[in-house]
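Shown next: start.cif, containing mmCIF, C-alpha atoms.
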```
data_my_file
loop_
_atom_site.group_PDB
_atom_site.id
_atom_site.type_symbol
_atom_site.label_atom_id
_atom_site.label_comp_id
_atom_site.auth_asym_id
_atom_site.auth_seq_id
_atom_site.Cartn_x
_atom_site.Cartn_y
_atom_site.Cartn_z
ATOM 1 C CA MET A 28 7.950 24.576 -75.083
ATOM 2 C CA MET A 29 4.639 22.696 -74.988
ATOM 3 C CA GLN A 30 5.659 20.993 -71.725
ATOM 4 C CA ARG A 31 6.256 24.412 -70.101
ATOM 5 C CA LYS A 32 2.798 25.673 -71.175
ATOM 6 C CA ILE A 33 1.162 22.574 -69.711
ATOM 7 C CA ILE A 34 3.005 22.978 -66.387
ATOM 8 C CA VAL A 35 2.146 26.684 -66.185
ATOM 9 C CA GLY A 36 -1.494 25.863 -67.011
ATOM 10 C CA LEU A 37 -1.627 23.198 -64.306
ATOM 11 C CA ARG A 38 -0.132 25.598 -61.746
ATOM 12 C CA SER A 39 -2.691 28.271 -62.535
ATOM 13 C CA LEU A 40 -5.422 25.638 -62.344
ATOM 14 C CA ALA A 41 -4.133 24.548 -58.923
ATOM 15 C CA VAL A 42 -4.064 28.143 -57.662
ATOM 16 C CA GLY A 43 -7.545 28.766 -59.074
ATOM 17 C CA SER A 44 -8.939 25.633 -57.479
ATOM 18 C CA LYS A 45 -7.500 26.697 -54.101
ATOM 19 C CA TRP A 46 -9.417 29.980 -54.384
ATOM 20 C CA VAL A 47 -12.618 28.147 -55.294
ATOM 21 C CA ILE A 48 -12.224 25.682 -52.425
ATOM 22 C CA GLY A 49 -11.491 28.546 -50.021
ATOM 23 C CA SER A 50 -14.512 30.502 -51.203
ATOM 24 C CA VAL A 51 -16.791 27.485 -50.850
ATOM 25 C CA ALA A 52 -15.390 26.844 -47.361
ATOM 26 C CA ILE A 53 -16.112 30.443 -46.326
ATOM 27 C CA LEU A 54 -19.635 30.237 -47.759
ATOM 28 C CA LEU A 55 -20.332 26.945 -45.968
ATOM 29 C CA THR A 56 -18.966 28.368 -42.707
ATOM 30 C CA GLY A 57 -21.302 31.360 -42.985
ATOM 31 C CA CYS A 58 -24.273 29.121 -43.735
ATOM 32 C CA GLY A 59 -23.352 26.901 -40.804
ATOM 33 C CA ILE A 60 -23.170 29.879 -38.435
ATOM 34 C CA ALA A 61 -26.561 31.148 -39.655
ATOM 35 C CA TRP A 62 -28.097 27.665 -39.274
ATOM 36 C CA LEU A 63 -26.654 27.355 -35.774
ATOM 37 C CA GLY A 64 -27.957 30.812 -34.847
ATOM 38 C CA ILE A 65 -31.445 29.920 -36.057
ATOM 39 C CA LYS A 66 -31.371 26.637 -34.122
ATOM 40 C CA VAL A 67 -30.162 28.331 -30.921
ATOM 41 C CA THR A 68 -32.687 31.190 -31.056
ATOM 42 C CA GLY A 69 -35.554 28.956 -32.156
ATOM 43 C CA SER A 70 -36.642 30.663 -35.382
ATOM 44 C CA GLN A 71 -35.405 32.838 -38.201
ATOM 45 C CA ALA A 72 -37.402 35.805 -36.871
ATOM 46 C CA ALA A 73 -35.805 35.465 -33.434
ATOM 47 C CA PHE A 74 -32.359 35.187 -35.017
ATOM 48 C CA THR A 75 -33.021 38.317 -37.087
ATOM 49 C CA ALA A 76 -34.174 40.162 -33.957
ATOM 50 C CA TRP A 77 -31.018 39.084 -32.157
ATOM 51 C CA LEU A 78 -28.895 40.300 -35.080
ATOM 52 C CA ASP A 79 -30.690 43.669 -34.917
ATOM 53 C CA THR A 80 -29.850 44.024 -31.221
ATOM 54 C CA ALA A 81 -26.242 42.959 -31.854
ATOM 55 C CA ARG A 82 -25.816 45.362 -34.800
ATOM 56 C CA PRO A 83 -23.572 47.918 -32.994
ATOM 57 C CA TRP A 84 -21.275 45.194 -31.684
ATOM 58 C CA LEU A 85 -21.049 43.553 -35.105
ATOM 59 C CA GLN A 86 -20.220 46.930 -36.643
ATOM 60 C CA LEU A 87 -17.493 47.440 -34.048
ATOM 61 C CA TRP A 88 -16.161 43.957 -34.895
ATOM 62 C CA ARG A 89 -16.035 44.826 -38.612
ATOM 63 C CA LEU A 90 -14.279 48.135 -37.908
ATOM 64 C CA VAL A 91 -11.656 46.336 -35.803
ATOM 65 C CA LEU A 92 -11.120 43.857 -38.642
ATOM 66 C CA TYR A 93 -10.787 46.711 -41.166
ATOM 67 C CA ALA A 94 -8.227 48.438 -38.922
ATOM 68 C CA LEU A 95 -6.288 45.191 -38.523
ATOM 69 C CA MET A 96 -6.249 44.602 -42.287
ATOM 70 C CA ALA A 97 -5.153 48.183 -42.944
ATOM 71 C CA GLY A 98 -2.393 47.908 -40.361
ATOM 72 C CA LEU A 99 -1.114 44.662 -41.873
ATOM 73 C CA TRP A 100 -1.349 46.129 -45.369
ATOM 74 C CA PHE A 101 0.712 49.222 -44.556
ATOM 75 C CA SER A 102 3.218 47.469 -42.280
ATOM 76 C CA ARG A 103 3.900 44.248 -44.189
ATOM 77 C CA VAL A 104 2.264 43.833 -47.586
ATOM 78 C CA ARG A 105 2.298 47.229 -49.323
ATOM 79 C CA GLY A 106 6.093 47.364 -49.536
ATOM 80 C CA ARG A 107 6.233 44.059 -51.393
ATOM 81 C CA PHE A 108 3.581 45.227 -53.836
ATOM 82 C CA LEU A 109 5.469 48.475 -54.455
ATOM 83 C CA LEU A 110 8.577 46.453 -55.380
ATOM 84 C CA GLN A 111 6.633 44.499 -58.012
ATOM 85 C CA LEU A 112 4.058 47.006 -59.330
ATOM 86 C CA PRO A 113 3.954 50.686 -60.216
ATOM 87 C CA ILE A 114 2.583 52.935 -57.466
ATOM 88 C CA ARG A 115 -0.393 53.791 -59.696
ATOM 89 C CA GLN A 116 -1.558 50.161 -59.658
ATOM 90 C CA VAL A 117 -1.023 49.847 -55.905
ATOM 91 C CA ARG A 118 -3.067 52.986 -55.269
ATOM 92 C CA ARG A 119 -5.787 51.700 -57.579
ATOM 93 C CA LEU A 120 -5.884 48.454 -55.596
ATOM 94 C CA GLU A 121 -6.133 50.454 -52.359
ATOM 95 C CA LEU A 122 -8.959 52.578 -53.764
ATOM 96 C CA LEU A 123 -10.884 49.523 -54.972
ATOM 97 C CA THR A 124 -10.462 47.876 -51.568
ATOM 98 C CA LEU A 125 -11.712 51.006 -49.818
ATOM 99 C CA MET A 126 -14.726 51.093 -52.154
ATOM 100 C CA LEU A 127 -15.394 47.421 -51.371
ATOM 101 C CA PHE A 128 -15.387 48.142 -47.622
ATOM 102 C CA VAL A 129 -17.750 51.086 -48.101
ATOM 103 C CA LEU A 130 -20.121 48.936 -50.179
ATOM 104 C CA ILE A 131 -20.037 46.203 -47.531
ATOM 105 C CA GLU A 132 -20.994 48.733 -44.856
ATOM 106 C CA LEU A 133 -23.752 50.216 -47.027
ATOM 107 C CA GLY A 134 -25.100 46.720 -47.585
ATOM 108 C CA ALA A 135 -24.971 46.025 -43.860
ATOM 109 C CA HIS A 136 -26.983 49.171 -43.173
ATOM 110 C CA HIS A 137 -29.407 48.827 -46.097
ATOM 111 C CA HIS A 138 -32.190 47.494 -43.907
ATOM 112 C CA GLN A 139 -31.647 50.185 -41.299
ATOM 113 C CA LEU A 140 -31.477 53.006 -43.874
ATOM 114 C CA PHE A 141 -34.682 52.106 -45.695
ATOM 115 C CA GLN A 142 -36.725 50.788 -42.774
ATOM 116 C CA GLY A 143 -38.052 54.263 -41.940
ATOM 117 C CA ALA A 144 -39.064 54.950 -45.560
ATOM 118 C CA ALA A 145 -41.298 51.864 -45.658
ATOM 119 C CA SER A 146 -43.202 52.741 -42.465
#
```
Take the structure in the file and give it back as structure tokens.
Amino acid sequence: MMQRKIIVGLRSLAVGSKWVIGSVAILLTGCGIAWLGIKVTGSQAAFTAWLDTARPWLQLWRLVLYALMAGLWFSRVRGRFLLQLPIRQVRRLELLTLMLFVLIELGAHHHQLFQGAAS
């Protein structure tokens, strides 16, 4: 019995470490893209100005990604979740994901929303 607990603990540790490594890789990729953007534009202010001009295209990119994720969720993944979990938990997961997307968009528009109030 003790051997089984150790194996299960090692498996969960391996899965957890994969998530940590993936998260660090995503963070480093984002930092690398920002660093490259600053180097290409010449300064952080110029990079920020470029991001402001590219805002509509970046929003369109995010909306396309959201649509792609939703399409994959409903066509491939949701059915598997419904076989393993009650529908209440699946709907809760969907609601939390929708709230996450809304919060991401509010964060992306924070500067734009409050820029007029400061001037």
Given the point (-25.1, 40.4, -39.1) in the file's coordinates, find the residues that have an atom at most 12 Å from it, counting all atoms listed in the file, and give them as a compact mmCIF listing (two decimals) with C-alpha atoms, keeping the file's coordinate frame.
```
# COMPACT_ATOMS: atom_id res chain seq x y z
CA GLY A 57 -21.30 31.36 -42.98
CA ILE A 60 -23.17 29.88 -38.44
CA ALA A 61 -26.56 31.15 -39.66
CA GLY A 64 -27.96 30.81 -34.85
CA PHE A 74 -32.36 35.19 -35.02
CA THR A 75 -33.02 38.32 -37.09
CA ALA A 76 -34.17 40.16 -33.96
CA TRP A 77 -31.02 39.08 -32.16
CA LEU A 78 -28.90 40.30 -35.08
CA ASP A 79 -30.69 43.67 -34.92
CA THR A 80 -29.85 44.02 -31.22
CA ALA A 81 -26.24 42.96 -31.85
CA ARG A 82 -25.82 45.36 -34.80
CA PRO A 83 -23.57 47.92 -32.99
CA TRP A 84 -21.28 45.19 -31.68
CA LEU A 85 -21.05 43.55 -35.10
CA GLN A 86 -20.22 46.93 -36.64
CA LEU A 87 -17.49 47.44 -34.05
CA TRP A 88 -16.16 43.96 -34.90
CA ARG A 89 -16.04 44.83 -38.61
CA ILE A 131 -20.04 46.20 -47.53
CA GLU A 132 -20.99 48.73 -44.86
CA GLY A 134 -25.10 46.72 -47.58
CA ALA A 135 -24.97 46.02 -43.86
CA HIS A 136 -26.98 49.17 -43.17
CA HIS A 137 -29.41 48.83 -46.10
CA HIS A 138 -32.19 47.49 -43.91
CA GLN A 139 -31.65 50.18 -41.30
```
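Minimum atom-to-atom distance to A:Phe128, evaluated using only C-alpha atoms, belongs to A:Leu90 out of A:Val104, A:Leu90, A:Leu112, A:Leu63.
Computed from the coordinates, the atom CA of A:Arg105 to atom CA of A:Val117 distance equals 7.8 Å.
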d(atom CA of A:Leu55, atom CA of A:Leu95) in Å: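 We find that atom CA of A:Leu55 and atom CA of A:Leu95 lie 24.2 Å from each other.
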Please give the centre and size of the box around stretch 69-78 of chain A (axis-aligned, containing every atom listed in the file, 8 Å added per side), with values in Å to one decimal and written as JSON.
```
{"center_x": -33.1, "center_y": 34.6, "center_z": -35.2, "size_x": 24.5, "size_y": 27.3, "size_z": 22.0}
```
